[in-house]
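Asks: Data file run13.txt (compact mmCIF, C-alpha atoms and all ligand atoms) is appended below.
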```txt
# COMPACT_ATOMS: atom_id res chain seq x y z
CA MET A 1 75.88 143.13 14.71
CA PRO A 2 77.66 146.38 15.49
CA THR A 3 77.64 148.78 12.55
CA PRO A 4 80.94 149.64 10.81
CA ILE A 5 80.76 153.04 12.49
CA ALA A 6 80.31 151.46 15.93
CA LEU A 7 83.35 149.25 15.34
CA ALA A 8 85.54 152.06 14.04
CA ASP A 9 84.31 154.99 16.10
CA PRO A 10 81.95 154.20 18.99
CA ARG A 11 81.67 157.87 19.96
CA VAL A 12 80.29 158.96 16.59
CA ALA A 13 78.11 155.82 16.42
CA GLU A 14 76.60 156.78 19.78
CA LEU A 15 75.87 160.29 18.58
CA ILE A 16 74.23 159.04 15.39
CA ALA A 17 72.14 156.60 17.45
CA ALA A 18 71.11 159.48 19.69
CA GLU A 19 70.05 161.54 16.66
CA THR A 20 68.09 158.58 15.29
CA ALA A 21 66.29 158.28 18.63
CA ARG A 22 65.62 162.03 18.68
CA GLN A 23 64.09 161.92 15.22
CA HIS A 24 61.97 158.90 16.12
CA ASP A 25 60.67 160.20 19.44
CA THR A 26 59.85 163.77 18.43
CA LEU A 27 57.72 165.25 15.68
CA CYS A 28 59.49 167.53 13.22
CA LEU A 29 57.47 170.62 12.33
CA ILE A 30 60.32 172.42 10.58
CA PRO A 31 58.96 173.03 7.07
CA SER A 32 62.38 172.69 5.40
CA GLU A 33 63.10 169.25 6.87
CA ASN A 34 61.89 165.78 5.95
CA HIS A 35 62.63 162.08 6.43
CA VAL A 36 64.22 160.49 3.34
CA SER A 37 63.56 156.95 2.23
CA PRO A 38 66.01 154.15 3.09
CA ALA A 39 66.96 154.09 -0.62
CA VAL A 40 67.90 157.78 -0.66
CA LEU A 41 69.83 157.31 2.57
CA ALA A 42 71.70 154.29 1.17
CA ALA A 43 72.69 156.18 -1.98
CA THR A 44 74.18 159.01 0.09
CA GLY A 45 76.21 156.44 2.01
CA SER A 46 77.52 154.69 -1.10
CA VAL A 47 81.03 154.32 -2.58
CA LEU A 48 80.25 157.21 -4.93
CA THR A 49 81.63 159.41 -2.17
CA ASN A 50 85.09 158.14 -3.25
CA LYS A 51 84.99 159.60 -6.76
CA TYR A 52 86.18 162.84 -8.30
CA SER A 53 84.36 163.97 -11.43
CA GLU A 54 84.98 167.66 -12.08
CA GLY A 55 83.28 168.63 -15.32
CA TYR A 56 80.10 167.27 -16.88
CA PRO A 57 79.16 163.87 -18.38
CA GLY A 58 81.50 163.08 -21.29
CA ARG A 59 83.71 166.08 -20.40
CA ARG A 60 85.49 165.19 -17.16
CA TYR A 61 88.90 166.18 -15.88
CA TYR A 62 89.45 162.76 -14.26
CA GLN A 63 89.37 159.22 -15.62
CA GLY A 64 87.08 156.49 -14.37
CA ASN A 65 83.85 158.42 -14.74
CA ALA A 66 81.81 156.20 -17.08
CA VAL A 67 79.58 155.06 -14.22
CA VAL A 68 79.28 158.50 -12.69
CA ASP A 69 78.37 159.91 -16.12
CA GLY A 70 75.49 157.45 -16.23
CA ILE A 71 74.33 158.45 -12.77
CA GLU A 72 74.48 162.18 -13.47
CA GLU A 73 72.73 161.79 -16.83
CA LEU A 74 70.01 159.73 -15.17
CA ALA A 75 69.48 162.31 -12.41
CA ALA A 76 69.39 165.16 -14.94
CA SER A 77 66.98 163.38 -17.29
CA ARG A 78 64.65 162.55 -14.39
CA ALA A 79 64.76 166.19 -13.28
CA ARG A 80 63.98 167.39 -16.81
CA GLU A 81 61.05 165.02 -17.08
CA LEU A 82 59.60 165.67 -13.62
CA PHE A 83 59.70 169.46 -13.99
CA GLY A 84 59.15 169.63 -17.75
CA VAL A 85 62.32 171.60 -18.50
CA GLU A 86 64.93 171.36 -21.26
CA HIS A 87 68.01 171.46 -19.07
CA ALA A 88 68.88 170.39 -15.53
CA ASN A 89 72.13 170.94 -13.66
CA VAL A 90 72.18 168.63 -10.65
CA GLN A 91 75.63 169.60 -9.34
CA PRO A 92 74.97 172.56 -7.01
CA LEU A 93 76.11 171.50 -3.55
CA SER A 94 73.15 173.07 -1.81
CA GLY A 95 70.55 175.79 -2.18
CA ALA A 96 72.73 178.78 -1.34
CA PRO A 97 75.52 177.85 -3.79
CA ALA A 98 72.89 177.13 -6.45
CA ASN A 99 71.51 180.62 -6.02
CA LEU A 100 74.99 182.12 -6.17
CA ALA A 101 75.44 180.33 -9.50
CA VAL A 102 72.36 182.16 -10.81
CA TYR A 103 74.06 185.49 -10.03
CA ALA A 104 77.31 184.25 -11.57
CA ALA A 105 75.44 183.24 -14.73
CA PHE A 106 73.58 186.49 -15.33
CA LEU A 107 75.01 189.38 -13.27
CA ASP A 108 78.22 191.29 -12.76
CA PRO A 109 79.12 192.62 -9.31
CA GLY A 110 77.23 195.83 -8.64
CA ASP A 111 74.26 194.89 -10.83
CA THR A 112 70.80 195.26 -9.35
CA VAL A 113 68.79 192.34 -7.98
CA LEU A 114 65.20 192.48 -6.76
CA GLY A 115 64.21 189.85 -4.20
CA MET A 116 61.79 189.30 -1.36
CA ALA A 117 62.96 190.73 1.95
CA LEU A 118 64.14 188.11 4.42
CA ASP A 119 61.85 189.44 7.13
CA ALA A 120 58.87 189.17 4.78
CA GLY A 121 59.60 185.53 3.90
CA GLY A 122 62.44 185.70 1.37
CA HIS A 123 65.81 183.95 1.55
CA LEU A 124 69.19 185.39 2.59
CA THR A 125 70.55 184.71 -0.89
CA HIS A 126 67.94 186.94 -2.55
CA GLY A 127 70.03 190.00 -1.66
CA TRP A 128 69.86 190.30 2.14
CA GLY A 129 72.62 192.48 3.60
CA VAL A 130 74.56 189.84 5.57
CA SER A 131 74.76 187.59 2.48
CA VAL A 132 77.38 188.23 -0.18
CA THR A 133 74.42 188.58 -2.54
CA GLY A 134 73.50 191.76 -0.66
CA LYS A 135 77.10 192.97 -0.50
CA TRP A 136 78.34 192.28 -4.03
CA PHE A 137 75.14 193.27 -5.79
CA ARG A 138 72.82 196.24 -5.44
CA ALA A 139 69.84 194.66 -3.76
CA VAL A 140 66.35 196.08 -3.63
CA ARG A 141 63.55 194.27 -1.84
CA TYR A 142 59.84 193.76 -1.95
CA GLY A 143 57.74 192.65 1.00
CA VAL A 144 54.16 191.76 1.72
CA ARG A 145 51.10 193.91 2.30
CA ARG A 146 50.44 194.70 5.93
CA ASP A 147 46.71 194.03 5.57
CA THR A 148 46.89 190.71 3.71
CA GLY A 149 50.33 189.33 4.59
CA THR A 150 50.81 188.44 0.92
CA VAL A 151 53.01 189.73 -1.90
CA ASP A 152 51.67 192.79 -3.67
CA LEU A 153 52.58 192.49 -7.36
CA ASP A 154 51.79 196.18 -7.87
CA GLU A 155 54.55 197.00 -5.39
CA VAL A 156 56.90 194.57 -7.15
CA ARG A 157 56.10 196.15 -10.52
CA ALA A 158 56.62 199.69 -9.23
CA LEU A 159 59.97 198.70 -7.70
CA ALA A 160 61.04 196.88 -10.85
CA ARG A 161 60.17 199.86 -13.05
CA ARG A 162 62.04 202.27 -10.81
CA GLU A 163 65.10 200.15 -10.02
CA ARG A 164 65.50 198.24 -13.32
CA PRO A 165 66.89 195.00 -11.80
CA LYS A 166 68.84 192.61 -14.00
CA LEU A 167 67.54 189.70 -11.90
CA ILE A 168 64.26 189.19 -10.05
CA TRP A 169 63.72 186.40 -7.51
CA CYS A 170 60.36 184.97 -6.58
CA GLY A 171 59.93 182.39 -3.85
CA GLY A 172 61.28 182.20 -0.33
CA THR A 173 61.47 180.39 2.98
CA ALA A 174 58.42 181.55 4.89
CA ILE A 175 55.70 182.07 2.30
CA PRO A 176 52.46 180.29 3.24
CA ARG A 177 50.69 181.19 0.00
CA THR A 178 50.82 180.21 -3.67
CA ILE A 179 53.44 182.03 -5.72
CA ASP A 180 52.07 183.77 -8.81
CA PHE A 181 54.81 182.84 -11.30
CA ALA A 182 52.89 184.26 -14.27
CA GLY A 183 52.43 187.55 -12.43
CA PHE A 184 56.17 187.82 -11.76
CA ALA A 185 56.91 186.82 -15.36
CA ALA A 186 54.87 189.72 -16.72
CA ILE A 187 56.87 192.14 -14.56
CA ALA A 188 60.23 190.60 -15.49
CA GLU A 189 59.34 190.84 -19.15
CA GLU A 190 58.24 194.44 -18.83
CA VAL A 191 61.59 195.52 -17.35
CA GLY A 192 63.80 193.06 -19.24
CA ALA A 193 64.98 191.19 -16.14
CA VAL A 194 65.98 187.57 -15.76
CA LEU A 195 63.37 185.86 -13.58
CA ALA A 196 64.45 183.14 -11.16
CA ALA A 197 62.03 181.07 -9.10
CA ASP A 198 63.55 179.70 -5.91
CA VAL A 199 61.23 176.80 -5.14
CA ALA A 200 63.44 175.14 -2.52
CA HIS A 201 60.53 174.79 -0.12
CA ILE A 202 57.82 173.77 -2.56
CA ALA A 203 59.66 171.63 -5.14
CA GLY A 204 57.96 168.49 -3.85
CA LEU A 205 54.56 170.14 -3.99
CA ILE A 206 55.24 171.18 -7.59
CA ALA A 207 56.44 167.68 -8.51
CA GLY A 208 53.30 166.22 -6.94
CA GLY A 209 50.95 168.71 -8.54
CA ALA A 210 50.00 170.42 -5.27
CA HIS A 211 51.42 173.84 -6.28
CA PRO A 212 51.49 175.43 -9.77
CA SER A 213 54.75 174.97 -11.64
CA PRO A 214 57.05 177.86 -12.60
CA THR A 215 58.02 175.99 -15.78
CA GLY A 216 57.25 178.10 -18.82
CA HIS A 217 57.08 181.30 -16.76
CA VAL A 218 60.63 181.80 -15.49
CA ASP A 219 64.16 181.73 -16.88
CA VAL A 220 65.66 179.62 -14.11
CA ILE A 221 64.22 177.39 -11.43
CA ALA A 222 66.48 176.97 -8.42
CA THR A 223 65.66 174.35 -5.84
CA THR A 224 67.11 172.37 -3.02
CA THR A 225 66.44 168.65 -3.13
CA HIS A 226 66.10 167.98 0.62
CA LYS A 227 62.91 169.78 1.60
CA THR A 228 59.47 168.74 0.32
CA LEU A 229 61.19 166.91 -2.55
CA ARG A 230 62.47 164.46 0.10
CA GLY A 231 65.90 163.83 -1.37
CA PRO A 232 69.45 164.24 -0.08
CA ARG A 233 70.95 167.62 0.86
CA GLY A 234 71.65 169.13 -2.54
CA ALA A 235 70.22 171.42 -5.20
CA MET A 236 69.35 171.72 -8.87
CA LEU A 237 69.13 174.50 -11.44
CA LEU A 238 66.52 173.98 -14.17
CA THR A 239 66.42 176.09 -17.34
CA GLY A 240 65.57 176.20 -21.00
CA GLU A 241 68.25 175.42 -23.60
CA GLN A 242 69.06 179.11 -24.09
CA HIS A 243 70.45 179.45 -20.54
CA ALA A 244 71.94 175.96 -20.19
CA ARG A 245 75.52 176.92 -21.01
CA ALA A 246 75.56 180.01 -18.78
CA ILE A 247 74.19 178.04 -15.83
CA ASP A 248 76.54 175.09 -16.32
CA ARG A 249 79.60 177.32 -16.58
CA ALA A 250 78.54 179.27 -13.51
CA VAL A 251 78.28 176.08 -11.41
CA PHE A 252 81.51 174.60 -12.78
CA PRO A 253 84.14 175.99 -13.17
CA GLY A 254 82.59 179.27 -11.99
CA LEU A 255 81.89 178.36 -8.40
CA GLN A 256 82.47 174.73 -7.57
CA GLY A 257 84.99 171.95 -7.89
CA GLY A 258 83.97 168.31 -8.00
CA PRO A 259 80.30 167.43 -7.66
CA HIS A 260 79.14 165.20 -4.81
CA ASP A 261 78.43 162.05 -6.81
CA HIS A 262 76.86 160.21 -3.85
CA THR A 263 74.41 163.09 -3.59
CA THR A 264 73.77 162.98 -7.33
CA ALA A 265 72.87 159.29 -7.05
CA ALA A 266 70.55 160.02 -4.14
CA ILE A 267 68.94 162.87 -6.11
CA ALA A 268 68.31 160.39 -8.93
CA VAL A 269 66.63 158.02 -6.47
CA ALA A 270 64.54 160.81 -4.94
CA LEU A 271 63.42 162.01 -8.38
CA HIS A 272 62.39 158.46 -9.26
CA GLU A 273 60.36 158.31 -6.05
CA ALA A 274 58.84 161.73 -6.73
CA ALA A 275 57.66 160.56 -10.16
CA GLN A 276 55.50 157.79 -8.65
CA PRO A 277 51.74 158.17 -8.08
CA ALA A 278 52.31 157.75 -4.31
CA PHE A 279 54.28 160.99 -4.30
CA THR A 280 51.35 162.91 -5.78
CA THR A 281 49.26 161.57 -2.92
CA TYR A 282 52.00 162.61 -0.50
CA ALA A 283 52.22 166.16 -1.87
CA HIS A 284 48.48 166.70 -1.56
CA ALA A 285 48.48 165.15 1.93
CA ILE A 286 51.13 167.66 3.05
CA VAL A 287 48.81 170.51 2.07
CA ALA A 288 45.73 168.85 3.60
CA ASN A 289 47.60 168.45 6.89
CA ALA A 290 48.87 172.03 6.83
CA GLN A 291 45.36 173.36 6.21
CA ALA A 292 43.90 171.16 8.95
CA LEU A 293 46.61 172.33 11.36
CA ALA A 294 45.96 175.94 10.37
CA ALA A 295 42.23 175.56 11.03
CA ALA A 296 42.83 173.89 14.38
CA LEU A 297 45.30 176.56 15.48
CA ALA A 298 43.01 179.39 14.35
CA GLU A 299 40.23 177.84 16.42
CA ARG A 300 42.56 178.09 19.42
CA GLY A 301 43.11 181.79 18.86
CA PHE A 302 46.42 181.61 17.00
CA ASP A 303 47.02 184.43 14.55
CA LEU A 304 48.22 183.07 11.19
CA VAL A 305 50.06 185.37 8.80
CA SER A 306 47.85 185.70 5.68
CA GLY A 307 45.07 183.92 7.59
CA GLY A 308 46.07 180.37 6.66
CA THR A 309 48.05 178.41 4.12
CA ASP A 310 47.97 177.13 0.53
CA ASN A 311 51.04 174.96 0.92
CA HIS A 312 53.12 173.07 3.47
CA LEU A 313 53.85 175.85 5.95
CA LEU A 314 52.22 178.11 8.48
CA LEU A 315 53.62 181.33 9.85
CA VAL A 316 52.17 182.01 13.29
CA ASP A 317 52.28 185.46 14.91
CA LEU A 318 52.40 184.71 18.65
CA THR A 319 51.87 188.29 19.80
CA ALA A 320 48.25 187.59 20.73
CA LYS A 321 49.36 184.60 22.82
CA GLY A 322 51.65 186.83 24.86
CA VAL A 323 54.81 184.82 24.14
CA ALA A 324 57.76 185.46 21.83
CA GLY A 325 58.88 183.03 19.13
CA ARG A 326 62.11 181.84 20.69
CA PRO A 327 60.79 180.81 24.14
CA ALA A 328 57.81 179.25 22.35
CA ALA A 329 60.12 177.18 20.10
CA GLU A 330 62.14 176.15 23.16
CA ALA A 331 59.00 175.07 25.02
CA LEU A 332 57.84 173.14 21.96
CA GLU A 333 61.15 171.34 21.79
CA GLN A 334 60.84 170.34 25.46
CA ALA A 335 57.43 168.98 24.54
CA GLY A 336 58.87 166.94 21.67
CA LEU A 337 57.69 169.24 18.89
CA VAL A 338 60.60 170.62 16.90
CA ALA A 339 59.95 173.91 15.12
CA ASN A 340 61.70 177.21 14.59
CA SER A 341 61.04 180.75 15.64
CA ASN A 342 60.66 183.12 12.73
CA ALA A 343 60.16 186.80 12.04
CA VAL A 344 56.67 187.78 10.95
CA PRO A 345 56.09 190.60 8.44
CA PHE A 346 56.55 194.03 10.09
CA ASP A 347 57.94 192.26 13.15
CA PRO A 348 58.59 194.79 15.94
CA ARG A 349 60.96 192.32 17.65
CA PRO A 350 64.63 191.69 16.67
CA PRO A 351 65.51 188.88 14.20
CA LEU A 352 67.13 186.71 16.89
CA ASP A 353 64.08 187.02 19.13
CA PRO A 354 61.19 187.35 16.69
CA SER A 355 57.43 187.26 17.23
CA GLY A 356 56.59 184.21 15.19
CA LEU A 357 56.82 180.50 14.74
CA ARG A 358 57.20 178.69 11.42
CA LEU A 359 55.49 175.31 11.29
CA GLY A 360 55.36 172.79 8.46
CA THR A 361 53.86 169.41 7.69
CA PRO A 362 56.25 167.69 5.18
CA ALA A 363 58.01 165.50 7.77
CA ILE A 364 54.94 164.48 9.79
CA THR A 365 53.10 163.68 6.55
CA THR A 366 55.97 161.39 5.53
CA ARG A 367 55.42 159.59 8.85
CA GLY A 368 51.76 159.08 7.97
CA LEU A 369 49.99 161.65 10.15
CA ARG A 370 46.63 162.72 8.72
CA PRO A 371 44.27 165.68 9.08
CA GLU A 372 42.46 163.95 11.96
CA HIS A 373 45.66 164.16 14.01
CA MET A 374 45.94 167.93 13.58
CA PRO A 375 43.49 169.06 16.30
CA GLU A 376 45.53 167.10 18.86
CA LEU A 377 48.76 168.55 17.48
CA ALA A 378 47.26 172.06 17.73
CA ARG A 379 46.27 171.37 21.36
CA TRP A 380 49.83 170.28 22.19
CA ILE A 381 51.24 173.37 20.47
CA ASP A 382 48.82 175.58 22.40
CA GLU A 383 49.60 173.88 25.70
CA ALA A 384 53.35 174.06 25.15
CA VAL A 385 53.66 177.68 24.02
CA THR A 386 51.45 178.88 26.86
CA ALA A 387 53.37 176.75 29.38
CA THR A 388 56.92 178.04 28.89
CA GLY A 389 58.82 177.17 32.06
CA ASP A 390 56.05 174.84 33.34
CA THR A 391 58.03 171.61 33.34
CA ASP A 392 55.13 169.41 34.47
CA THR A 393 52.93 170.42 31.56
CA LEU A 394 55.77 170.19 29.04
CA ASP A 395 56.74 166.73 30.31
CA ARG A 396 53.15 165.53 30.10
CA VAL A 397 52.78 166.83 26.53
CA ARG A 398 56.11 165.29 25.61
CA GLY A 399 54.86 161.89 26.79
CA GLU A 400 51.78 162.20 24.59
CA VAL A 401 53.83 163.41 21.60
CA THR A 402 56.33 160.56 21.93
CA GLU A 403 53.54 158.01 22.05
CA LEU A 404 52.12 159.29 18.76
CA ALA A 405 55.62 159.65 17.25
CA ARG A 406 56.43 156.02 18.04
CA ALA A 407 53.17 154.91 16.44
CA PHE A 408 54.21 156.70 13.22
CA PRO A 409 57.94 156.01 12.81
CA PRO A 410 59.95 157.61 10.00
CA PRO A 411 60.55 155.35 6.98
CA ALA A 412 63.15 152.67 7.69
C1 LIG B 501 66.57 176.35 2.12
C2 LIG B 501 66.58 177.44 1.12
C3 LIG B 501 67.75 177.83 0.46
C4 LIG B 501 69.13 177.39 0.89
O1 LIG B 501 69.38 176.06 0.87
P1 LIG B 501 70.66 175.47 1.62
O2 LIG B 501 70.69 174.08 1.11
O3 LIG B 501 70.40 175.61 3.07
O4 LIG B 501 71.85 176.27 1.20
C5 LIG B 501 67.66 178.77 -0.55
N1 LIG B 501 66.47 179.31 -0.88
C6 LIG B 501 65.34 178.98 -0.24
C7 LIG B 501 64.07 179.62 -0.65
C8 LIG B 501 65.35 178.05 0.78
O5 LIG B 501 64.23 177.76 1.42
```
Please re-express this file's structure in structure tokens.
Ligand SMILES: *Cc1c(COP(=O)(O)O)cnc(C)c1O

Replies:
Amino acid sequence: MPTPIALADPRVAELIAAETARQHDTLCLIPSENHVSPAVLAATGSVLTNKYSEGYPGRRYYQGNAVVDGIEELAASRARELFGVEHANVQPLSGAPANLAVYAAFLDPGDTVLGMALDAGGHLTHGWGVSVTGKWFRAVRYGVRRDTGTVDLDEVRALARRERPKLIWCGGTAIPRTIDFAGFAAIAEEVGAVLAADVAHIAGLIAGGAHPSPTGHVDVIATTTHKTLRGPRGAMLLTGEQHARAIDRAVFPGLQGGPHDHTTAAIAVALHEAAQPAFTTYAHAIVANAQALAAALAERGFDLVSGGTDNHLLLVDLTAKGVAGRPAAEALEQAGLVANSNAVPFDPRPPLDPSGLRLGTPAITTRGLRPEHMPELARWIDEAVTATGDTDTLDRVRGEVTELARAFPPPA
């Protein structure tokens, strides 16, 4: 039976089929990606995409929202329960707009924000110069220690005392180590700043008990729903009652129009899945795989920023391997291993051609790969990054990767 897309638009159907085949036949090592369940996928493709529901449950600007109210209330209550918070806003369209809502809730343009530098592992929206958050606010940045590759809370404290930020961000996109939420909270309290934890990458680990929770330590938790949490592309803002109104008003009408109700439904499904015992197993398996991959790569002479990982991701400095991040990522892709090049702390190379690779295990763990597969994966990575331009080697590795990938298909 041809799908409705194939009947209506064969060209798009072909492209979607090609993407499905790509995802099946390669292994995704991008730490911010995952494979959602068929239930999450079905919710995102539901008739909820037809509805407009500006406002919040019980306070909408359009009629016909009784069902949508139920869906949004369900998603929010599941989020509150899973993360142990008093208030959840599930409307942010994605991580970057969610973070912008945090600024809108607490800051005026020109106010000072302290965030982790992008090139040390932070996110663009934590005040980097090319982001509006770095243009409209006065951004100051902390990094990591050169000797340990980890955040130095003494540096953060000194910066906070000197710069008096109104908002402090902890969390980021390339942090292989546990975030000390209590440590940041002490600093925020000392300088009277709002503390926001951006746990986009690790939300699933937190939900599954494989990373400490920021709940009780921070004013706002911002997270995407599509990374380790394994939901649809979306985001949530979690707070205590005292900040609920400010956050809600910042999201709507401050920044957004109508929420994406199909996404809200899929977030509800993903949160239900994340509350099951199997998800706790999954979260711990992500970390076990990452640590096994780190050990296997270290054995092959790879230099890992901070020496290893506590979570789902590894940051690899390729300098010692004599190859830059971008050609390495391209060679990996030819070999069926999809990853991304990434700056490493104190990177001497430019951002578009950095020295590192960022690798993660959320997607391959969803497919069922286990620690015993990691030495083979490390061998393929080693062979590929040291064989840039050697088509024979890359083709051979790709054959081996595809065989394993087909034995561990994504959920369907
Ligand atoms: C992915 C990510 C974001 C942005 O999410 P988008 O959905 O891509 O807008 C924000 N913060 C952190 C830490 C992230 O990892």

Asks: List every residue of chain A that has an atom at most 9 Å from any atom of ligand LIG 501 (chain B), giving for each one its closest atom pair and the distance in Å to one decimal, counting only C-alpha atoms and all ligand atoms, sorted by chain and then by ascending residue number, as CSV.

Replies:
```
residue,atom,partner,partner_atom,distance
A:Ser32,CA,B:LIG501,C1,6.5
A:Leu93,CA,B:LIG501,O2,7.6
A:Ser94,CA,B:LIG501,O2,3.9
A:Gly95,CA,B:LIG501,O1,3.3
A:Ala96,CA,B:LIG501,O4,3.7
A:Pro97,CA,B:LIG501,O4,6.4
A:Ala98,CA,B:LIG501,O4,7.8
A:Asn99,CA,B:LIG501,C5,6.9
A:Gly121,CA,B:LIG501,C7,8.7
A:Gly122,CA,B:LIG501,C7,6.6
A:His123,CA,B:LIG501,C7,5.2
A:Leu124,CA,B:LIG501,C5,7.5
A:Thr125,CA,B:LIG501,C5,6.6
A:His126,CA,B:LIG501,N1,7.9
A:Cys170,CA,B:LIG501,C7,8.8
A:Gly171,CA,B:LIG501,C7,5.9
A:Gly172,CA,B:LIG501,C7,3.8
A:Thr173,CA,B:LIG501,O5,4.1
A:Ala174,CA,B:LIG501,O5,7.8
A:Ala197,CA,B:LIG501,C7,8.8
A:Asp198,CA,B:LIG501,C7,5.3
A:Val199,CA,B:LIG501,C7,6.0
A:Ala200,CA,B:LIG501,C8,4.8
A:His201,CA,B:LIG501,O5,5.0
A:Ile202,CA,B:LIG501,O5,8.5
A:Ala222,CA,B:LIG501,N1,7.9
A:Thr223,CA,B:LIG501,N1,7.1
A:Thr224,CA,B:LIG501,O2,5.7
A:Thr225,CA,B:LIG501,O2,8.1
A:His226,CA,B:LIG501,O2,7.6
A:Lys227,CA,B:LIG501,C1,7.5
A:Arg233,CA,B:LIG501,O2,6.5
A:Gly234,CA,B:LIG501,O2,6.2
A:Ala235,CA,B:LIG501,O2,6.9
```

Asks: I'd like a table as CSV: residues in range 166-224 of chain A with an atom no more than 7 Å from range 105-114 of chain A, each row giving the shortest atom pair and its distance in Å to one decimal, all atoms listed in the file counted, sorted by chain and rising residue number.

Replies:
```
residue,atom,partner,partner_atom,distance
A:Lys166,CA,A:Thr112,CA,5.7
A:Leu167,CA,A:Val113,CA,4.9
A:Ile168,CA,A:Leu114,CA,4.7
A:Trp169,CA,A:Leu114,CA,6.3
```

Asks: Dump as a PDB file with C-alpha atoms, in the coordinates of the input all residues having an atom at most 10 Å from (61.6, 195.2, 3.9), computed in the file's coordinates with only C-alpha atoms.

Replies:
```pdb
ATOM      1  CA  MET A 116      61.790 189.300  -1.360  1.00  0.00           C
ATOM      2  CA  ALA A 117      62.960 190.730   1.950  1.00  0.00           C
ATOM      3  CA  LEU A 118      64.140 188.110   4.420  1.00  0.00           C
ATOM      4  CA  ASP A 119      61.850 189.440   7.130  1.00  0.00           C
ATOM      5  CA  ALA A 120      58.870 189.170   4.780  1.00  0.00           C
ATOM      6  CA  GLY A 121      59.600 185.530   3.900  1.00  0.00           C
ATOM      7  CA  GLY A 122      62.440 185.700   1.370  1.00  0.00           C
ATOM      8  CA  TRP A 128      69.860 190.300   2.140  1.00  0.00           C
ATOM      9  CA  VAL A 140      66.350 196.080  -3.630  1.00  0.00           C
ATOM     10  CA  ARG A 141      63.550 194.270  -1.840  1.00  0.00           C
ATOM     11  CA  TYR A 142      59.840 193.760  -1.950  1.00  0.00           C
ATOM     12  CA  GLY A 143      57.740 192.650   1.000  1.00  0.00           C
ATOM     13  CA  VAL A 144      54.160 191.760   1.720  1.00  0.00           C
ATOM     14  CA  PRO A 345      56.090 190.600   8.440  1.00  0.00           C
ATOM     15  CA  PHE A 346      56.550 194.030  10.090  1.00  0.00           C
TER      16      PHE A 346
END
```

Asks: Which residue out of A:Pro165, A:Pro57, A:Pro232, A:Pro176 has the minimum interatomic distance to Thr150 in chain A when only C-alpha atoms are used?

Replies: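 Nearest candidate to Thr150 in chain A out of A:Pro165, A:Pro57, A:Pro232, A:Pro176: A:Pro176.
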
Asks: Would you work out the distance separating CA of Val47 in chain A from CA of Arg230 in chain A, expressed in Å to one decimal?

Replies: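 Between CA of Val47 in chain A and CA of Arg230 in chain A the gap works out to 21.3 Å.
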
Asks: Given the choices A:Leu313, A:Gly389, A:Phe252, A:Arg379, which gets closest to Arg59 in chain A if the distance is worked out from all atoms listed in the file?

Replies: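 Residue with the minimum atom-to-atom distance to Arg59 in chain A: A:Phe252.
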
Asks: Of the candidates A:Tyr56, A:Arg367, A:Asp69, A:Asn34, which one gets nearest to Leu404 in chain A if we count all atoms listed in the file?

Replies: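 Of the candidates, the smallest distance to Leu404 in chain A is held by A:Arg367.
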
Asks: What's the separation between CA of Thr386 in chain A and CA of Gly149 in chain A, in Å to one decimal place?

Replies: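 Between CA of Thr386 in chain A and CA of Gly149 in chain A the gap works out to 24.6 Å.
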
Asks: Restricting the calculation to only C-alpha atoms: of A:Ala188, A:Ala75, A:Ile206, A:Ala331, which residue gets closest to Val287 in chain A?

Replies: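 Under the stated criterion, the closest residue is A:Ile206.
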
Asks: Could you please determine the separation between CA of Asn50 in chain A and CA of Leu229 in chain A in Å, to one decimal place?

Replies: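 CA of Leu229 in chain A lies 25.5 Å from CA of Asn50 in chain A.
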
Asks: Can you tell me, as a PyMOL selection string, what residues are no more than 12 Å from Ala278 in chain A when counting only C-alpha atoms, ignoring any on the same chain fewer than 6 positions away?

Replies: chain A and resi 207-209+272+284-285+366

Asks: Considering all atoms listed in the file, state which residue in the set A:Leu159, A:Ala296, A:Leu237, A:Leu82 is at the smallest distance from Ala268 in chain A.

Replies: A:Leu82

Asks: Got a sec: who's within 10 Å of Thr391 in chain A, counting only C-alpha atoms, leaving out chain neighbours fewer than 5 positions off, as a ChimeraX atom specification?

Replies: /A:331,334-335,384,396-397

Asks: Would you mind listing what lies within 8 Å of Asp310 in chain A as number ranges by chain, with only C-alpha atoms counted and same-chain residues fewer than 2 positions away left out?

Replies: A: 176-178, 287, 291, 308, 312
